[in-house]
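Contents: one structure, followed by commentary.
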Amino acid sequence: MARILVIEHDVKIGEDIERRLKSAGHKLKTAPNVASALKLIFVNGEILWDIIVSDNALGGTRPNGFELLHQMQKYVLAKRVRFVLITNLAQLPNGSDARKEAAHRGAVCIFKSRVPELPDIVSRVLALK
């Protein structure tokens, strides 16, 4: 069982992710945007989560999921927390490949069409050394 923070602005998608991950035995909390999530990520300087799952676009709010990944990069690369970025875009606004950019920062990037596979993806991400 993992502790998972889900950042998703779309209530229906967030509920779907929550249902799928809870049924797989994970403990989770959701946040609608990065500002709310940042209040939940750290407590007394410690990261409370095993995995952060974040939508990239977040309804056009800033910072977005990729910008959060950039902020969290040193923790992700140090394996203090795992990060799964969910997107509809193969390319980021700057034209770079979303999956390559996420991998460069130590994260896994999946397309929204793969949300039904999220429990399996989370299991595989947890197994990474």
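Residue numbers start at 1 in each chain; chains themselves are named A, B, ... in the order of the structure tokens; ligands are numbered from 1 in the order shown.
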All residues 12 Å or closer to A:Asn33, only C-alpha atoms, same chain fewer than 4 positions away omitted, as a short mmCIF file (atom, residue, chain, number, x, y, z; two decimals) with N, CA and C atoms, in the first residue's frame:
```cif
data_model
loop_
_atom_site.label_atom_id
_atom_site.label_comp_id
_atom_site.auth_asym_id
_atom_site.auth_seq_id
_atom_site.Cartn_x
_atom_site.Cartn_y
_atom_site.Cartn_z
N LEU A 5 -0.51 11.15 -3.46
CA LEU A 5 -1.15 12.46 -3.61
C LEU A 5 -1.51 12.61 -5.08
N VAL A 6 -2.79 12.85 -5.35
CA VAL A 6 -3.28 13.02 -6.71
C VAL A 6 -3.63 14.49 -6.91
N ILE A 7 -3.10 15.09 -7.97
CA ILE A 7 -3.39 16.49 -8.29
C ILE A 7 -4.13 16.49 -9.62
N GLU A 8 -5.41 16.81 -9.54
CA GLU A 8 -6.28 16.78 -10.73
C GLU A 8 -7.40 17.79 -10.55
N HIS A 9 -7.55 18.70 -11.51
CA HIS A 9 -8.58 19.73 -11.43
C HIS A 9 -9.96 19.24 -11.84
N ASP A 10 -10.01 18.22 -12.71
CA ASP A 10 -11.29 17.71 -13.21
C ASP A 10 -11.86 16.72 -12.19
N VAL A 11 -12.97 17.08 -11.59
CA VAL A 11 -13.55 16.28 -10.50
C VAL A 11 -13.84 14.84 -10.93
N GLY A 14 -10.58 12.98 -11.34
CA GLY A 14 -10.03 12.79 -9.99
C GLY A 14 -10.73 11.69 -9.23
N ALA A 37 -1.69 21.44 -3.46
CA ALA A 37 -0.83 20.27 -3.28
C ALA A 37 0.43 20.60 -2.48
N LEU A 38 1.02 21.76 -2.75
CA LEU A 38 2.25 22.12 -2.05
C LEU A 38 2.05 22.19 -0.54
N LYS A 39 0.84 22.53 -0.11
CA LYS A 39 0.53 22.55 1.32
C LYS A 39 0.46 21.15 1.91
N LEU A 40 0.27 20.14 1.05
CA LEU A 40 0.14 18.76 1.51
C LEU A 40 1.42 17.94 1.34
N VAL A 53 0.89 11.83 -8.20
CA VAL A 53 0.30 11.65 -9.53
C VAL A 53 -0.33 12.99 -9.89
N SER A 54 0.14 13.62 -10.95
CA SER A 54 -0.36 14.94 -11.30
C SER A 54 -0.74 15.06 -12.76
N ASP A 55 -1.90 15.66 -12.98
CA ASP A 55 -2.28 16.08 -14.32
C ASP A 55 -1.29 17.16 -14.72
N ASN A 56 -0.97 17.25 -16.00
CA ASN A 56 -0.06 18.30 -16.44
C ASN A 56 -0.77 19.64 -16.59
N ALA A 57 -1.88 19.67 -17.33
CA ALA A 57 -2.53 20.94 -17.67
C ALA A 57 -3.22 21.60 -16.49
N LEU A 58 -3.88 20.83 -15.65
CA LEU A 58 -4.57 21.35 -14.47
C LEU A 58 -5.50 22.52 -14.80
N GLY A 59 -6.21 22.38 -15.91
CA GLY A 59 -7.20 23.38 -16.29
C GLY A 59 -6.60 24.72 -16.67
N GLY A 60 -5.33 24.72 -17.03
CA GLY A 60 -4.68 25.96 -17.45
C GLY A 60 -4.12 26.79 -16.30
N THR A 61 -4.21 26.29 -15.06
CA THR A 61 -3.67 27.04 -13.93
C THR A 61 -2.15 26.93 -13.92
N ARG A 62 -1.51 27.89 -13.29
CA ARG A 62 -0.07 27.87 -13.12
C ARG A 62 0.22 27.88 -11.64
N PRO A 63 1.22 27.19 -11.16
CA PRO A 63 2.04 26.29 -11.95
C PRO A 63 1.27 25.04 -12.34
N ASN A 64 1.73 24.40 -13.43
CA ASN A 64 1.09 23.17 -13.89
C ASN A 64 1.86 21.96 -13.35
N GLY A 65 1.43 20.78 -13.76
CA GLY A 65 2.06 19.56 -13.26
C GLY A 65 3.53 19.43 -13.62
N GLU A 67 5.59 21.89 -14.15
CA GLU A 67 6.33 22.86 -13.34
C GLU A 67 6.50 22.35 -11.90
N LEU A 68 5.50 21.64 -11.39
CA LEU A 68 5.64 21.01 -10.07
C LEU A 68 6.74 19.95 -10.13
#
```
message: I need the residues of stretch 5-121 of chain A that end up classed as strand (DSSP E or B) by DSSP on the backbone, written out as a list of chain:residue names.
response: A:Leu5, A:Val6, A:Ile7, A:Lys27, A:Leu28, A:Lys29, A:Thr30, A:Ala31, A:Phe42, A:Val43, A:Glu46, A:Ile47, A:Ile51, A:Ile52, A:Val53, A:Ser54, A:Asp55, A:Arg82, A:Phe83, A:Val84, A:Leu85, A:Ile86, A:Thr87, A:Gln91, A:Asp97, A:Val108, A:Cys109, A:Ile110, A:Phe111
Could you save those same residues with N, CA and C atoms as a short mmCIF file (atom, residue, chain, number, x, y, z; two decimals), in the first residue's frame?
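Just written: part_32.cif:
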```
data_model
loop_
_atom_site.label_atom_id
_atom_site.label_comp_id
_atom_site.auth_asym_id
_atom_site.auth_seq_id
_atom_site.Cartn_x
_atom_site.Cartn_y
_atom_site.Cartn_z
N LEU A 5 -0.51 11.15 -3.46
CA LEU A 5 -1.15 12.46 -3.61
C LEU A 5 -1.51 12.61 -5.08
N VAL A 6 -2.79 12.85 -5.35
CA VAL A 6 -3.28 13.02 -6.71
C VAL A 6 -3.63 14.49 -6.91
N ILE A 7 -3.10 15.09 -7.97
CA ILE A 7 -3.39 16.49 -8.29
C ILE A 7 -4.13 16.49 -9.62
N LYS A 27 -3.58 4.40 -0.12
CA LYS A 27 -4.12 5.49 0.69
C LYS A 27 -3.85 6.77 -0.08
N LEU A 28 -4.87 7.61 -0.26
CA LEU A 28 -4.59 8.81 -1.04
C LEU A 28 -5.40 10.03 -0.62
N LYS A 29 -4.90 11.13 -1.12
CA LYS A 29 -5.52 12.44 -0.92
C LYS A 29 -5.46 13.13 -2.27
N THR A 30 -6.46 13.98 -2.53
CA THR A 30 -6.48 14.71 -3.79
C THR A 30 -6.37 16.21 -3.55
N ALA A 31 -5.83 16.89 -4.55
CA ALA A 31 -5.73 18.35 -4.53
C ALA A 31 -6.11 18.83 -5.93
N PHE A 42 4.80 18.61 1.89
CA PHE A 42 5.80 18.64 2.96
C PHE A 42 5.17 18.95 4.31
N VAL A 43 5.60 18.22 5.32
CA VAL A 43 5.24 18.55 6.71
C VAL A 43 6.54 18.47 7.50
N GLU A 46 9.53 17.09 5.70
CA GLU A 46 9.47 15.70 5.23
C GLU A 46 8.37 15.54 4.18
N ILE A 47 8.63 14.71 3.18
CA ILE A 47 7.63 14.40 2.17
C ILE A 47 6.74 13.29 2.72
N ILE A 51 4.15 8.50 -3.74
CA ILE A 51 3.98 8.86 -5.16
C ILE A 51 3.12 10.11 -5.27
N ILE A 52 3.50 10.98 -6.18
CA ILE A 52 2.66 12.11 -6.57
C ILE A 52 2.20 11.82 -7.99
N VAL A 53 0.89 11.83 -8.20
CA VAL A 53 0.30 11.65 -9.53
C VAL A 53 -0.33 12.99 -9.89
N SER A 54 0.14 13.62 -10.95
CA SER A 54 -0.36 14.94 -11.30
C SER A 54 -0.74 15.06 -12.76
N ASP A 55 -1.90 15.66 -12.98
CA ASP A 55 -2.28 16.08 -14.32
C ASP A 55 -1.29 17.16 -14.72
N ARG A 82 8.14 9.31 -5.76
CA ARG A 82 7.97 8.96 -7.18
C ARG A 82 6.97 9.94 -7.77
N PHE A 83 7.04 10.16 -9.07
CA PHE A 83 6.18 11.15 -9.72
C PHE A 83 5.65 10.57 -11.02
N VAL A 84 4.32 10.61 -11.18
CA VAL A 84 3.67 10.20 -12.42
C VAL A 84 2.94 11.41 -12.98
N LEU A 85 3.31 11.83 -14.17
CA LEU A 85 2.71 12.97 -14.84
C LEU A 85 1.71 12.46 -15.86
N ILE A 86 0.48 12.97 -15.80
CA ILE A 86 -0.57 12.55 -16.74
C ILE A 86 -0.82 13.71 -17.70
N THR A 87 -0.83 13.40 -18.99
CA THR A 87 -1.01 14.45 -19.99
C THR A 87 -1.80 13.94 -21.20
N GLN A 91 3.71 16.51 -26.80
CA GLN A 91 4.72 17.55 -26.70
C GLN A 91 4.30 18.56 -25.65
N ASP A 97 9.50 16.65 -26.15
CA ASP A 97 8.75 15.42 -25.94
C ASP A 97 8.43 15.27 -24.45
N VAL A 108 7.69 9.35 -14.50
CA VAL A 108 7.02 8.56 -15.53
C VAL A 108 5.92 9.44 -16.09
N CYS A 109 5.79 9.48 -17.40
CA CYS A 109 4.75 10.27 -18.05
C CYS A 109 3.80 9.33 -18.77
N ILE A 110 2.50 9.45 -18.50
CA ILE A 110 1.51 8.62 -19.19
C ILE A 110 0.45 9.53 -19.82
N PHE A 111 -0.22 9.00 -20.82
CA PHE A 111 -1.30 9.74 -21.45
C PHE A 111 -2.61 9.46 -20.73
#
```
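Going from atom CA of A:Glu15 over to atom CA of A:Met72, you cover 24.4 Å.
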- prompt: Quick one: DSSP helix (DSSP H, G or I) residues in stretch 6-59 of chain A, as number ranges by chain?
  reply: A: 11-23, 34-41, 58-59
Write the residues you've just listed into a file as a short mmCIF file (atom, residue, chain, number, x, y, z; two decimals), in the first residue's frame, and include N, CA and C atoms for each of them.
```cif
data_model
loop_
_atom_site.label_atom_id
_atom_site.label_comp_id
_atom_site.auth_asym_id
_atom_site.auth_seq_id
_atom_site.Cartn_x
_atom_site.Cartn_y
_atom_site.Cartn_z
N VAL A 11 -12.97 17.08 -11.59
CA VAL A 11 -13.55 16.28 -10.50
C VAL A 11 -13.84 14.84 -10.93
N LYS A 12 -14.42 14.66 -12.13
CA LYS A 12 -14.74 13.30 -12.60
C LYS A 12 -13.49 12.44 -12.77
N ILE A 13 -12.47 13.01 -13.38
CA ILE A 13 -11.22 12.26 -13.57
C ILE A 13 -10.58 11.97 -12.21
N GLY A 14 -10.58 12.98 -11.34
CA GLY A 14 -10.03 12.79 -9.99
C GLY A 14 -10.73 11.69 -9.23
N GLU A 15 -12.06 11.65 -9.32
CA GLU A 15 -12.83 10.59 -8.65
C GLU A 15 -12.51 9.23 -9.25
N ASP A 16 -12.34 9.16 -10.57
CA ASP A 16 -12.01 7.91 -11.23
C ASP A 16 -10.64 7.41 -10.76
N ILE A 17 -9.66 8.30 -10.73
CA ILE A 17 -8.32 7.93 -10.27
C ILE A 17 -8.40 7.47 -8.81
N GLU A 18 -9.10 8.23 -7.99
CA GLU A 18 -9.23 7.89 -6.57
C GLU A 18 -9.86 6.51 -6.39
N ARG A 19 -10.93 6.25 -7.10
CA ARG A 19 -11.61 4.95 -7.00
C ARG A 19 -10.68 3.82 -7.40
N ARG A 20 -9.99 3.99 -8.49
CA ARG A 20 -9.10 2.94 -8.99
C ARG A 20 -7.95 2.66 -8.01
N LEU A 21 -7.35 3.71 -7.48
CA LEU A 21 -6.20 3.52 -6.60
C LEU A 21 -6.62 3.02 -5.21
N LYS A 22 -7.74 3.50 -4.71
CA LYS A 22 -8.22 2.99 -3.42
C LYS A 22 -8.61 1.53 -3.51
N SER A 23 -9.22 1.13 -4.63
CA SER A 23 -9.60 -0.28 -4.78
C SER A 23 -8.36 -1.17 -4.88
N VAL A 34 -1.72 22.85 -7.96
CA VAL A 34 -0.40 22.76 -7.37
C VAL A 34 -0.32 23.55 -6.07
N ALA A 35 -0.94 24.72 -6.01
CA ALA A 35 -0.89 25.52 -4.78
C ALA A 35 -1.45 24.72 -3.60
N SER A 36 -2.56 24.06 -3.79
CA SER A 36 -3.14 23.23 -2.72
C SER A 36 -2.24 22.04 -2.42
N ALA A 37 -1.69 21.44 -3.46
CA ALA A 37 -0.83 20.27 -3.28
C ALA A 37 0.43 20.60 -2.48
N LEU A 38 1.02 21.76 -2.75
CA LEU A 38 2.25 22.12 -2.05
C LEU A 38 2.05 22.19 -0.54
N LYS A 39 0.84 22.53 -0.11
CA LYS A 39 0.53 22.55 1.32
C LYS A 39 0.46 21.15 1.91
N LEU A 40 0.27 20.14 1.05
CA LEU A 40 0.14 18.76 1.51
C LEU A 40 1.42 17.94 1.34
N ILE A 41 2.31 18.38 0.48
CA ILE A 41 3.48 17.57 0.15
C ILE A 41 4.47 17.48 1.31
N LEU A 58 -3.88 20.83 -15.65
CA LEU A 58 -4.57 21.35 -14.47
C LEU A 58 -5.50 22.52 -14.80
N GLY A 59 -6.21 22.38 -15.91
CA GLY A 59 -7.20 23.38 -16.29
C GLY A 59 -6.60 24.72 -16.67
#
```
statement: One residue among A:Ala24, A:Leu69, A:Ala98, A:Ala103 is nearest to A:Pro119 when using only C-alpha atoms, and that residue is A:Ala24
For A:Phe66, the nearest of the candidates A:Asn44, A:Glu117, A:Asn88, A:Ala102, counting only C-alpha atoms: A:Ala102
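The closest residue to A:Ala127, picked from A:His104, A:Lys112, A:Lys79, A:Ile4 and counting only C-alpha atoms, is A:Lys79.
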query: So how many Å separate atom CA of A:His26 and atom CA of A:Pro116, to one decimal?
result: 15.1 Å
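The coordinates place atom CA of A:Ile121 at 15.0 Å from atom CA of A:Val81.
Of the listed residues (A:Val115, A:Arg105, A:Arg124, A:Gly45), A:Arg105 comes nearest to A:Gln71; the distances count only C-alpha atoms.
Nearest residue to A:Arg3 among A:Leu48, A:Val122, A:Leu128, A:Leu77 is A:Leu48, counting only C-alpha atoms.
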